[in-house]
Amino acid sequence: MIITLTTDFGLSDPFVGIMKGVILGIAPNVQIVDLTHEVRSYDIIEAAFLLNSSYRYFPEGTIHVVVVDPGVGSSRRALAASVHRQSFVAPDNGVLSLIFPPERTEIGPPVYDITNRSLFKEPVSHTFHGRDVFAPVAAHLARGTPIDSVGSRIIDYIKRPVPRPRVAGENRLVGTVLRIDKFGNVITNLRPDDLKQNFVIRVAGSDIHRLCGTFADAQPGELFAIEGSTGFIELALNQGSAAGRFNIELGAEIEVETGQSNN
Amino acid sequence: MIITLTTDFGLSDPFVGIMKGVILGIAPNVQIVDLTHEVRSYDIIEAAFLLNSSYRYFPEGTIHVVVVDPGVGSSRRALAASVHRQSFVAPDNGVLSLIFPPERTEIGPPVYDITNRSLFKEPVSHTFHGRDVFAPVAAHLARGTPIDSVGSRIIDYIKRPVPRPRVAGENRLVGTVLRIDKFGNVITNLRPDDLKQNFVIRVAGSDIHRLCGTFADAQPGELFAIEGSTGFIELALNQGSAAGRFNIELGAEIEVETGQSNN
Amino acid sequence: MIITLTTDFGLSDPFVGIMKGVILGIAPNVQIVDLTHEVRSYDIIEAAFLLNSSYRYFPEGTIHVVVVDPGVGSSRRALAASVHRQSFVAPDNGVLSLIFPPERTEIGPPVYDITNRSLFKEPVSHTFHGRDVFAPVAAHLARGTPIDSVGSRIIDYIKRPVPRPRVAGENRLVGTVLRIDKFGNVITNLRPDDLKQNFVIRVAGSDIHRLCGTFADAQPGELFAIEGSTGFIELALNQGSAAGRFNIELGAEIEVETGQSNN
């Protein structure tokens with residue numbers, strides 16, 4: 001059984017190690033995998049995006065714990081959900097938005113409000129539910145506790161809109177920078193289908209005309225678009241940092257014009 | 001069986017991975033958990049504080065290895081200790097100060113001077129005892145080697161004083177910044193009991209009057225005090241970095257006045 | 001069974017976690033160890049050096065995966081090699097240069113061109129072979145797939161020259177900085193034998209005359225040479241950063257004069 005951890009805790013503090021101690025005290029045989037602990041502090045949308053990029057590469061039955069939790073200690077609920085044949089344990093703040101189906105229906109996925117304190121590590125602090133709530137609940141699930149024993153099923157869990165490209169004219173689309181990876185590749189919310197024939201991407205004073213199949217197709221120093229490993233369009237610079245070249249940041253706008261004939 | 005690792009090695013070099021290779025070569029079935037490898041280089045007090053914040057969340061029998069070791073290669077001793085139903089393996093330089101009982105007694109905890117070279121990885125280098133001494137000794141303990149076979153029991157292990165708040169007048173106390181976490185929360189050496197009625201904390205030109213139960217109790221942008229997850233008072237800024245706001249560093253002094261009546 | 005991972009992916013993105021998900025989906029019982037994910041982006045020589053410093057500390061049968069892969073998606077081959085009673089899975093770009101024997105012979109080590117797509121995670125992307133090729137192939141090897149079933153044996157794998165000290169006169173040798181570790185120790189490509197009697201190392205305007213056995217032998221603030229844990233000469237500053245003191249970078253030259261009589 002695998003438990004993954006995604007947090008904004010960083011690795012300098014012992015928060016992540018402590019969560020692992022709690023998990024292994026309850027479920028000694030789980031394999032714990034770090035997705036990342038470098039989510040920007042309190043950035044719920046980034047965590048939602050990272051989780052959505054990753055969960056599908058884990059086997060059935062994996063339990064994903066996400067702790068990006070600006071509301072810790074308040075009355076925000078804690079959720080356990082069973083979706084895509086995997087389980088998800090997280091605060092009810094939108095961090096699972098991309099895991100839930102797009103439409104909210106009466107039937108919906110099985111999502112539970114975690115209230116069964118017998119699964120918690122007592123006393124529960126007001127500041128570290130990763131340790132006191134999310135880690136122990138995930139460990140109990142890994143040991144076989146049925147998910148519906150964590151609390152009542154609910155349908156009004158929080159879903160946040162994730163920025164989608166906006167149509168800004170007949171041949172114009174405005175996308176957004178979702179993320180910049182370690183190599184400086186600029187991950188956008190555009191999909192390959194958004195780049196029709198003769199597109200031009202305008203970003204920070206530069207124009208990009210080319211969609212490459214691989215990084216190696218581009219010339220050294222060439223800016224180009226590529227379908228990244230998560231299915232989104234990325235703006236890249238062969239063996240260099242596109243983000244550094246554009247001086248671009250998260251949330252920046254990217255303009256796409258398509259169907260250009262000659263220039 | 002769990003072995004935890006706490007070092008100042010960082011994660012850019014392969015030092016930590018190498019220690020894990022040595023451990024798994026001896027004890028293939030242990031679970032290895034990283035507490036943190038971002039202790040400030042050579043900072044024995046920080047390591048002592050982090051270990052003390054963390055060990056209690058691990059199950060009985062866990063073996064904690066701490067390698068913050070400015071004296072590596074010198075005649076400083078290596079220790080194995082059995083305290084709190086867990087084991088600790090570390091250089092004898094004070095890094096276990098907070099693990100040992102406050103008073104040094106004749107009976108004391110079982111602490112051993114590691115000298116049994118049959119447990120080492122030979123040849124022992126002069127520069128990397130994490131690999132050649134601490135990792136293999138911990139792995140042998142995990143496999144069942146009795147702790148008293150590592151060497152002679154000793155009582156003169158090194159304990160370093162950890163800074164405690166100092167009384168500076170009838171209603172004045174001077175505390176210290178122990179640590180700043182990833183979120184910019186300023187962890188002090190004050191305890192909730194030190195903040196009596198009508199306290200004011202003066203720090204870097206700001207006054208803090210309020211002790212909140214949770215982060216979410218505070219107004220956005222408000223500076224406040226809170227009992228952190230390790231039981232110390234932390235100075236925090238709701239969804240912001242208190243350390244950034246104060247421009248404060250490790251070791252800085254924090255003044256507390258209590259029993260203030262009106263202003 | 002152990003699989004180690006060495007990449008230039010960093011830990012902010014979920015790339016490493018995703019590789020682990022793929023591995024554990026195929027081989028649920030392996031132990032995965034991170035060597036480092038902080039190789040400088042695209043730096044094949046650094047990865048070769050780090051791997052060579054580390055693999056020997058792992059038990060027989062360990063599988064080492066290295067993904068520093070500027071040519072991902074191009075026609076560069078993928079390799080699986082059986083050397084030193086361990087296995088190595090990596091792109092064919094020189095990253096295994098230091099693992100292969102120095103002389104290329106007809107017999108050579110068993111090195112295979114990975115082409116058996118039944119071992120891949122389909123569909124194979126053009127941008128993330130760590131996930132789609134290297135992780136699943138390593139996992140299949142861990143489960144017992146014979147290494148010669150990955151593809152044809154080859155002998156024309158890529159080997160890159162690693163910089164060796166250059167003789168620059170009867171008593172002069174010019175070495176290079178291979179790496180700077182977290183403590184600021186400057187790891188050179190010099191060996192202890194290169195420092196004969198009465199040597200002087202000239203680097204960035206400073207002279208070093210002393211080879212210490214341990215860090216603790218040096219005076220506080222003294223610059224000295226020491227045989228590091230990987231067998232190379234390192235330039236160090238007792239409890240300080242030699243790299244910071246010299247303001248030196250990777251690839252910088254270091255001059256050694258030996259057999260100096262009096263000054």
# chains A, B, ... in the order shown; residues from 1 in each chain; ligands from 1
>>> residues_around(residues="stretch 27-43 of chain A", least_positions_apart="6", cutoff="9 Å", atoms="only C-alpha atoms", output="PyMOL selection string")
(chain A and resi 1-11+16+20+50-51+54+68-70+95+136+139-140+142-143) or (chain B and resi 1-2+31+182-183+239-240) or (chain C and resi 11-18+20-21+24+28-29+31)
>>> select_by_dssp(residues="stretch 137-242 of chain C", states="helix (DSSP H, G or I)", output="MDAnalysis selection string")
chainID C and resid 137:142 147:149 192:194 215:217 242
>>> write_last_selection(atoms="all heavy atoms", output="compact mmCIF listing (two decimals), in the first residue's frame")
# COMPACT_ATOMS: atom_id res chain seq x y z
N VAL C 137 11.59 0.26 -16.92
CA VAL C 137 12.61 -0.75 -17.22
C VAL C 137 13.32 -1.16 -15.93
O VAL C 137 13.52 -2.35 -15.66
CB VAL C 137 13.61 -0.24 -18.28
CG1 VAL C 137 14.85 -1.14 -18.35
CG2 VAL C 137 12.93 -0.17 -19.65
N ALA C 138 13.69 -0.18 -15.10
CA ALA C 138 14.37 -0.51 -13.83
C ALA C 138 13.47 -1.38 -12.95
O ALA C 138 13.92 -2.34 -12.33
CB ALA C 138 14.75 0.78 -13.10
N ALA C 139 12.18 -1.04 -12.93
CA ALA C 139 11.25 -1.81 -12.10
C ALA C 139 11.14 -3.25 -12.60
O ALA C 139 11.08 -4.20 -11.82
CB ALA C 139 9.88 -1.13 -12.07
N HIS C 140 11.11 -3.42 -13.92
CA HIS C 140 11.05 -4.79 -14.46
C HIS C 140 12.34 -5.55 -14.12
O HIS C 140 12.28 -6.73 -13.77
CB HIS C 140 10.81 -4.76 -15.97
CG HIS C 140 9.38 -4.47 -16.34
ND1 HIS C 140 8.35 -5.34 -16.08
CD2 HIS C 140 8.80 -3.39 -16.93
CE1 HIS C 140 7.20 -4.81 -16.50
NE2 HIS C 140 7.45 -3.63 -17.02
N LEU C 141 13.48 -4.90 -14.20
CA LEU C 141 14.73 -5.56 -13.81
C LEU C 141 14.65 -5.99 -12.33
O LEU C 141 15.05 -7.09 -11.96
CB LEU C 141 15.93 -4.64 -14.02
CG LEU C 141 16.29 -4.27 -15.46
CD1 LEU C 141 17.49 -3.32 -15.48
CD2 LEU C 141 16.57 -5.50 -16.31
N ALA C 142 14.10 -5.09 -11.50
CA ALA C 142 13.99 -5.41 -10.07
C ALA C 142 13.10 -6.62 -9.84
O ALA C 142 13.29 -7.39 -8.88
CB ALA C 142 13.45 -4.20 -9.30
N ILE C 147 18.42 -8.87 -17.81
CA ILE C 147 18.86 -7.62 -18.43
C ILE C 147 19.01 -7.77 -19.94
O ILE C 147 18.79 -6.81 -20.69
CB ILE C 147 20.15 -7.09 -17.76
CG1 ILE C 147 20.39 -5.63 -18.13
CG2 ILE C 147 21.34 -7.98 -18.08
CD1 ILE C 147 21.42 -4.94 -17.26
N ASP C 148 19.33 -8.98 -20.42
CA ASP C 148 19.53 -9.11 -21.87
C ASP C 148 18.22 -9.16 -22.63
O ASP C 148 18.22 -9.25 -23.87
CB ASP C 148 20.43 -10.32 -22.21
CG ASP C 148 19.82 -11.63 -21.73
OD1 ASP C 148 18.67 -11.62 -21.25
OD2 ASP C 148 20.51 -12.65 -21.83
N SER C 149 17.10 -9.07 -21.94
CA SER C 149 15.84 -9.02 -22.67
C SER C 149 15.40 -7.58 -22.95
O SER C 149 14.36 -7.35 -23.54
CB SER C 149 14.74 -9.76 -21.89
OG SER C 149 14.46 -9.07 -20.71
N PRO C 192 45.62 12.12 -3.70
CA PRO C 192 46.67 12.33 -2.71
C PRO C 192 48.07 12.14 -3.30
O PRO C 192 49.00 12.89 -2.95
CB PRO C 192 46.36 11.27 -1.64
CG PRO C 192 44.88 11.10 -1.73
CD PRO C 192 44.55 11.25 -3.19
N ASP C 193 48.24 11.18 -4.20
CA ASP C 193 49.57 10.95 -4.78
C ASP C 193 50.09 12.13 -5.58
O ASP C 193 51.29 12.23 -5.85
CB ASP C 193 49.52 9.72 -5.72
CG ASP C 193 49.52 8.44 -4.92
OD1 ASP C 193 49.69 8.50 -3.69
OD2 ASP C 193 49.34 7.37 -5.54
N ASP C 194 49.18 13.01 -6.01
CA ASP C 194 49.62 14.17 -6.79
C ASP C 194 50.30 15.22 -5.91
O ASP C 194 50.95 16.13 -6.42
CB ASP C 194 48.42 14.82 -7.50
CG ASP C 194 47.81 13.89 -8.54
OD1 ASP C 194 48.56 13.08 -9.12
OD2 ASP C 194 46.59 13.98 -8.78
N PHE C 215 39.41 17.35 9.33
CA PHE C 215 39.02 18.76 9.41
C PHE C 215 39.50 19.36 10.73
O PHE C 215 39.92 20.51 10.80
CB PHE C 215 37.50 18.90 9.30
CG PHE C 215 36.97 18.55 7.95
CD1 PHE C 215 36.20 17.41 7.75
CD2 PHE C 215 37.24 19.35 6.85
CE1 PHE C 215 35.71 17.08 6.50
CE2 PHE C 215 36.75 19.03 5.58
CZ PHE C 215 35.98 17.88 5.41
N ALA C 216 39.44 18.55 11.78
CA ALA C 216 39.74 19.07 13.11
C ALA C 216 41.22 19.34 13.32
O ALA C 216 41.62 20.01 14.27
CB ALA C 216 39.21 18.10 14.17
N ASP C 217 42.08 18.84 12.42
CA ASP C 217 43.51 19.11 12.54
C ASP C 217 43.85 20.55 12.22
O ASP C 217 44.91 21.05 12.59
CB ASP C 217 44.32 18.23 11.56
CG ASP C 217 44.42 16.79 12.03
OD1 ASP C 217 44.00 16.51 13.17
OD2 ASP C 217 44.90 15.95 11.24
N ALA C 242 35.30 27.06 2.03
CA ALA C 242 36.49 27.36 1.21
C ALA C 242 36.06 27.98 -0.11
O ALA C 242 36.69 28.92 -0.59
CB ALA C 242 37.30 26.09 0.98
>>> residues_around(residues="A:Glu106", least_positions_apart="2", cutoff="12 Å", atoms="only C-alpha atoms", output="ChimeraX atom specification")
/A:103-104,108-111,153-156
>>> closest_residue(among="B:Lys121, B:Pro102, B:Leu178, B:Gly151", to="B:Ala47", atoms="only C-alpha atoms")
B:Leu178
>>> residues_around(residues="stretch 254-259 of chain A", least_positions_apart="2", cutoff="6 Å", atoms="only C-alpha atoms", output="ChimeraX atom specification")
/A:171-176,196-203
>>> write_last_selection(atoms="N, CA and C atoms", output="PDB file, in the first residue's frame")
ATOM      1  N   ASN A 171     -10.111  34.936 -33.510  1.00  0.00           N
ATOM      2  CA  ASN A 171      -8.905  34.115 -33.632  1.00  0.00           C
ATOM      3  C   ASN A 171      -7.952  34.324 -32.459  1.00  0.00           C
ATOM      4  N   ARG A 172      -8.507  34.846 -31.354  1.00  0.00           N
ATOM      5  CA  ARG A 172      -7.620  35.133 -30.229  1.00  0.00           C
ATOM      6  C   ARG A 172      -8.066  34.406 -28.969  1.00  0.00           C
ATOM      7  N   LEU A 173      -7.070  33.906 -28.269  1.00  0.00           N
ATOM      8  CA  LEU A 173      -7.286  33.155 -27.041  1.00  0.00           C
ATOM      9  C   LEU A 173      -6.272  33.698 -26.036  1.00  0.00           C
ATOM     10  N   VAL A 174      -6.699  33.844 -24.782  1.00  0.00           N
ATOM     11  CA  VAL A 174      -5.749  34.295 -23.767  1.00  0.00           C
ATOM     12  C   VAL A 174      -5.604  33.197 -22.708  1.00  0.00           C
ATOM     13  N   GLY A 175      -4.415  32.669 -22.614  1.00  0.00           N
ATOM     14  CA  GLY A 175      -4.129  31.634 -21.625  1.00  0.00           C
ATOM     15  C   GLY A 175      -3.348  32.203 -20.461  1.00  0.00           C
ATOM     16  N   THR A 176      -2.941  31.312 -19.571  1.00  0.00           N
ATOM     17  CA  THR A 176      -2.309  31.719 -18.319  1.00  0.00           C
ATOM     18  C   THR A 176      -1.132  30.787 -18.028  1.00  0.00           C
ATOM     19  N   LYS A 196      -4.077  26.059 -33.411  1.00  0.00           N
ATOM     20  CA  LYS A 196      -4.436  25.617 -34.753  1.00  0.00           C
ATOM     21  C   LYS A 196      -3.344  26.059 -35.717  1.00  0.00           C
ATOM     22  N   GLN A 197      -3.576  25.766 -36.978  1.00  0.00           N
ATOM     23  CA  GLN A 197      -2.593  26.124 -38.013  1.00  0.00           C
ATOM     24  C   GLN A 197      -2.181  27.581 -37.938  1.00  0.00           C
ATOM     25  N   ASN A 198      -0.920  27.814 -38.211  1.00  0.00           N
ATOM     26  CA  ASN A 198      -0.399  29.177 -38.293  1.00  0.00           C
ATOM     27  C   ASN A 198      -0.627  29.987 -37.026  1.00  0.00           C
ATOM     28  N   PHE A 199      -0.441  29.349 -35.895  1.00  0.00           N
ATOM     29  CA  PHE A 199      -0.621  30.095 -34.647  1.00  0.00           C
ATOM     30  C   PHE A 199       0.594  30.978 -34.381  1.00  0.00           C
ATOM     31  N   VAL A 200       0.351  31.989 -33.576  1.00  0.00           N
ATOM     32  CA  VAL A 200       1.475  32.699 -32.987  1.00  0.00           C
ATOM     33  C   VAL A 200       1.145  32.928 -31.502  1.00  0.00           C
ATOM     34  N   ILE A 201       2.114  32.616 -30.673  1.00  0.00           N
ATOM     35  CA  ILE A 201       1.967  32.873 -29.245  1.00  0.00           C
ATOM     36  C   ILE A 201       2.761  34.135 -28.937  1.00  0.00           C
ATOM     37  N   ARG A 202       2.080  35.120 -28.371  1.00  0.00           N
ATOM     38  CA  ARG A 202       2.768  36.359 -28.014  1.00  0.00           C
ATOM     39  C   ARG A 202       2.925  36.393 -26.494  1.00  0.00           C
ATOM     40  N   VAL A 203       4.156  36.511 -26.053  1.00  0.00           N
ATOM     41  CA  VAL A 203       4.402  36.491 -24.623  1.00  0.00           C
ATOM     42  C   VAL A 203       5.599  37.382 -24.309  1.00  0.00           C
TER      43      VAL A 203
END
>>> select_by_dssp(residues="stretch 67-242 of chain B", states="strand (DSSP E)", output="count of residues only")
49
>>> atom_distance(atom1="atom CA of A:Ala236", atom2="atom CA of A:Glu222")
8.3 Å
>>> atom_distance(atom1="atom CA of C:Arg164", atom2="atom CA of C:Gly213")
23.5 Å
>>> closest_residue(among="B:Ile248, B:Ile63, B:Val89, B:Val133", to="chain A", atoms="only C-alpha atoms")
B:Ile63
>>> decode(residues="stretch 155-184 of chain A", atoms="N, CA, C and O atoms", output="PDB file, in the first residue's frame")
ATOM      1  N   ILE A 155     -21.985  16.281  -0.241  1.00  0.00           N
ATOM      2  CA  ILE A 155     -21.902  16.631  -1.667  1.00  0.00           C
ATOM      3  C   ILE A 155     -21.522  18.100  -1.853  1.00  0.00           C
ATOM      4  O   ILE A 155     -21.275  18.545  -2.964  1.00  0.00           O
ATOM      5  N   ASP A 156     -21.433  18.848  -0.780  1.00  0.00           N
ATOM      6  CA  ASP A 156     -21.154  20.284  -0.926  1.00  0.00           C
ATOM      7  C   ASP A 156     -19.690  20.620  -0.647  1.00  0.00           C
ATOM      8  O   ASP A 156     -19.375  21.693  -0.137  1.00  0.00           O
ATOM      9  N   TYR A 157     -18.796  19.694  -0.976  1.00  0.00           N
ATOM     10  CA  TYR A 157     -17.358  19.977  -0.854  1.00  0.00           C
ATOM     11  C   TYR A 157     -16.988  21.150  -1.768  1.00  0.00           C
ATOM     12  O   TYR A 157     -17.683  21.427  -2.758  1.00  0.00           O
ATOM     13  N   ILE A 158     -15.877  21.775  -1.429  1.00  0.00           N
ATOM     14  CA  ILE A 158     -15.483  22.979  -2.161  1.00  0.00           C
ATOM     15  C   ILE A 158     -14.755  22.625  -3.451  1.00  0.00           C
ATOM     16  O   ILE A 158     -13.836  21.804  -3.457  1.00  0.00           O
ATOM     17  N   LYS A 159     -15.209  23.241  -4.553  1.00  0.00           N
ATOM     18  CA  LYS A 159     -14.475  23.142  -5.826  1.00  0.00           C
ATOM     19  C   LYS A 159     -14.105  24.540  -6.267  1.00  0.00           C
ATOM     20  O   LYS A 159     -14.953  25.439  -6.282  1.00  0.00           O
ATOM     21  N   ARG A 160     -12.860  24.732  -6.619  1.00  0.00           N
ATOM     22  CA  ARG A 160     -12.433  26.035  -7.099  1.00  0.00           C
ATOM     23  C   ARG A 160     -12.292  25.987  -8.609  1.00  0.00           C
ATOM     24  O   ARG A 160     -11.832  24.986  -9.169  1.00  0.00           O
ATOM     25  N   PRO A 161     -12.651  27.063  -9.273  1.00  0.00           N
ATOM     26  CA  PRO A 161     -12.434  27.092 -10.721  1.00  0.00           C
ATOM     27  C   PRO A 161     -10.940  27.157 -11.013  1.00  0.00           C
ATOM     28  O   PRO A 161     -10.209  27.890 -10.350  1.00  0.00           O
ATOM     29  N   VAL A 162     -10.492  26.361 -11.953  1.00  0.00           N
ATOM     30  CA  VAL A 162      -9.101  26.441 -12.379  1.00  0.00           C
ATOM     31  C   VAL A 162      -9.089  27.273 -13.654  1.00  0.00           C
ATOM     32  O   VAL A 162      -9.953  27.112 -14.516  1.00  0.00           O
ATOM     33  N   PRO A 163      -8.167  28.220 -13.735  1.00  0.00           N
ATOM     34  CA  PRO A 163      -8.205  29.134 -14.884  1.00  0.00           C
ATOM     35  C   PRO A 163      -8.134  28.407 -16.221  1.00  0.00           C
ATOM     36  O   PRO A 163      -7.230  27.606 -16.449  1.00  0.00           O
ATOM     37  N   ARG A 164      -9.119  28.654 -17.062  1.00  0.00           N
ATOM     38  CA  ARG A 164      -9.123  28.093 -18.417  1.00  0.00           C
ATOM     39  C   ARG A 164      -8.868  29.212 -19.427  1.00  0.00           C
ATOM     40  O   ARG A 164      -9.150  30.373 -19.137  1.00  0.00           O
ATOM     41  N   PRO A 165      -8.369  28.854 -20.602  1.00  0.00           N
ATOM     42  CA  PRO A 165      -8.119  29.896 -21.601  1.00  0.00           C
ATOM     43  C   PRO A 165      -9.425  30.628 -21.935  1.00  0.00           C
ATOM     44  O   PRO A 165     -10.495  30.032 -21.951  1.00  0.00           O
ATOM     45  N   ARG A 166      -9.324  31.919 -22.202  1.00  0.00           N
ATOM     46  CA  ARG A 166     -10.475  32.777 -22.451  1.00  0.00           C
ATOM     47  C   ARG A 166     -10.433  33.207 -23.919  1.00  0.00           C
ATOM     48  O   ARG A 166      -9.390  33.613 -24.430  1.00  0.00           O
ATOM     49  N   VAL A 167     -11.589  33.085 -24.567  1.00  0.00           N
ATOM     50  CA  VAL A 167     -11.683  33.515 -25.960  1.00  0.00           C
ATOM     51  C   VAL A 167     -11.765  35.037 -25.983  1.00  0.00           C
ATOM     52  O   VAL A 167     -12.590  35.628 -25.297  1.00  0.00           O
ATOM     53  N   ALA A 168     -10.881  35.662 -26.755  1.00  0.00           N
ATOM     54  CA  ALA A 168     -10.802  37.131 -26.754  1.00  0.00           C
ATOM     55  C   ALA A 168     -10.982  37.696 -28.148  1.00  0.00           C
ATOM     56  O   ALA A 168     -10.458  38.750 -28.462  1.00  0.00           O
ATOM     57  N   GLY A 169     -11.726  36.992 -28.969  1.00  0.00           N
ATOM     58  CA  GLY A 169     -11.918  37.441 -30.351  1.00  0.00           C
ATOM     59  C   GLY A 169     -11.994  36.204 -31.230  1.00  0.00           C
ATOM     60  O   GLY A 169     -11.783  35.080 -30.767  1.00  0.00           O
ATOM     61  N   GLU A 170     -12.264  36.422 -32.506  1.00  0.00           N
ATOM     62  CA  GLU A 170     -12.491  35.286 -33.396  1.00  0.00           C
ATOM     63  C   GLU A 170     -11.296  34.344 -33.441  1.00  0.00           C
ATOM     64  O   GLU A 170     -11.421  33.140 -33.375  1.00  0.00           O
ATOM     65  N   ASN A 171     -10.111  34.936 -33.510  1.00  0.00           N
ATOM     66  CA  ASN A 171      -8.905  34.115 -33.632  1.00  0.00           C
ATOM     67  C   ASN A 171      -7.952  34.324 -32.459  1.00  0.00           C
ATOM     68  O   ASN A 171      -6.765  34.090 -32.587  1.00  0.00           O
ATOM     69  N   ARG A 172      -8.507  34.846 -31.354  1.00  0.00           N
ATOM     70  CA  ARG A 172      -7.620  35.133 -30.229  1.00  0.00           C
ATOM     71  C   ARG A 172      -8.066  34.406 -28.969  1.00  0.00           C
ATOM     72  O   ARG A 172      -9.258  34.340 -28.658  1.00  0.00           O
ATOM     73  N   LEU A 173      -7.070  33.906 -28.269  1.00  0.00           N
ATOM     74  CA  LEU A 173      -7.286  33.155 -27.041  1.00  0.00           C
ATOM     75  C   LEU A 173      -6.272  33.698 -26.036  1.00  0.00           C
ATOM     76  O   LEU A 173      -5.131  33.975 -26.388  1.00  0.00           O
ATOM     77  N   VAL A 174      -6.699  33.844 -24.782  1.00  0.00           N
ATOM     78  CA  VAL A 174      -5.749  34.295 -23.767  1.00  0.00           C
ATOM     79  C   VAL A 174      -5.604  33.197 -22.708  1.00  0.00           C
ATOM     80  O   VAL A 174      -6.572  32.830 -22.044  1.00  0.00           O
ATOM     81  N   GLY A 175      -4.415  32.669 -22.614  1.00  0.00           N
ATOM     82  CA  GLY A 175      -4.129  31.634 -21.625  1.00  0.00           C
ATOM     83  C   GLY A 175      -3.348  32.203 -20.461  1.00  0.00           C
ATOM     84  O   GLY A 175      -3.115  33.411 -20.358  1.00  0.00           O
ATOM     85  N   THR A 176      -2.941  31.312 -19.571  1.00  0.00           N
ATOM     86  CA  THR A 176      -2.309  31.719 -18.319  1.00  0.00           C
ATOM     87  C   THR A 176      -1.132  30.787 -18.028  1.00  0.00           C
ATOM     88  O   THR A 176      -1.140  29.635 -18.430  1.00  0.00           O
ATOM     89  N   VAL A 177      -0.154  31.313 -17.300  1.00  0.00           N
ATOM     90  CA  VAL A 177       0.959  30.481 -16.839  1.00  0.00           C
ATOM     91  C   VAL A 177       0.543  29.766 -15.554  1.00  0.00           C
ATOM     92  O   VAL A 177       0.266  30.397 -14.538  1.00  0.00           O
ATOM     93  N   LEU A 178       0.478  28.439 -15.624  1.00  0.00           N
ATOM     94  CA  LEU A 178       0.090  27.647 -14.451  1.00  0.00           C
ATOM     95  C   LEU A 178       1.271  27.398 -13.524  1.00  0.00           C
ATOM     96  O   LEU A 178       1.114  27.262 -12.315  1.00  0.00           O
ATOM     97  N   ARG A 179       2.469  27.334 -14.128  1.00  0.00           N
ATOM     98  CA  ARG A 179       3.577  26.800 -13.345  1.00  0.00           C
ATOM     99  C   ARG A 179       4.864  26.954 -14.137  1.00  0.00           C
ATOM    100  O   ARG A 179       4.842  26.932 -15.366  1.00  0.00           O
ATOM    101  N   ILE A 180       5.958  27.106 -13.425  1.00  0.00           N
ATOM    102  CA  ILE A 180       7.270  27.109 -14.074  1.00  0.00           C
ATOM    103  C   ILE A 180       8.049  25.971 -13.455  1.00  0.00           C
ATOM    104  O   ILE A 180       8.150  25.871 -12.229  1.00  0.00           O
ATOM    105  N   ASP A 181       8.573  25.071 -14.288  1.00  0.00           N
ATOM    106  CA  ASP A 181       9.258  23.930 -13.684  1.00  0.00           C
ATOM    107  C   ASP A 181      10.727  24.233 -13.437  1.00  0.00           C
ATOM    108  O   ASP A 181      11.215  25.325 -13.717  1.00  0.00           O
ATOM    109  N   LYS A 182      11.443  23.270 -12.905  1.00  0.00           N
ATOM    110  CA  LYS A 182      12.839  23.471 -12.483  1.00  0.00           C
ATOM    111  C   LYS A 182      13.738  23.872 -13.642  1.00  0.00           C
ATOM    112  O   LYS A 182      14.768  24.511 -13.453  1.00  0.00           O
ATOM    113  N   PHE A 183      13.377  23.468 -14.859  1.00  0.00           N
ATOM    114  CA  PHE A 183      14.195  23.775 -16.022  1.00  0.00           C
ATOM    115  C   PHE A 183      13.841  25.133 -16.625  1.00  0.00           C
ATOM    116  O   PHE A 183      14.432  25.543 -17.617  1.00  0.00           O
ATOM    117  N   GLY A 184      12.822  25.805 -16.039  1.00  0.00           N
ATOM    118  CA  GLY A 184      12.403  27.079 -16.595  1.00  0.00           C
ATOM    119  C   GLY A 184      11.382  26.920 -17.705  1.00  0.00           C
ATOM    120  O   GLY A 184      11.034  27.896 -18.374  1.00  0.00           O
TER     121      GLY A 184
END
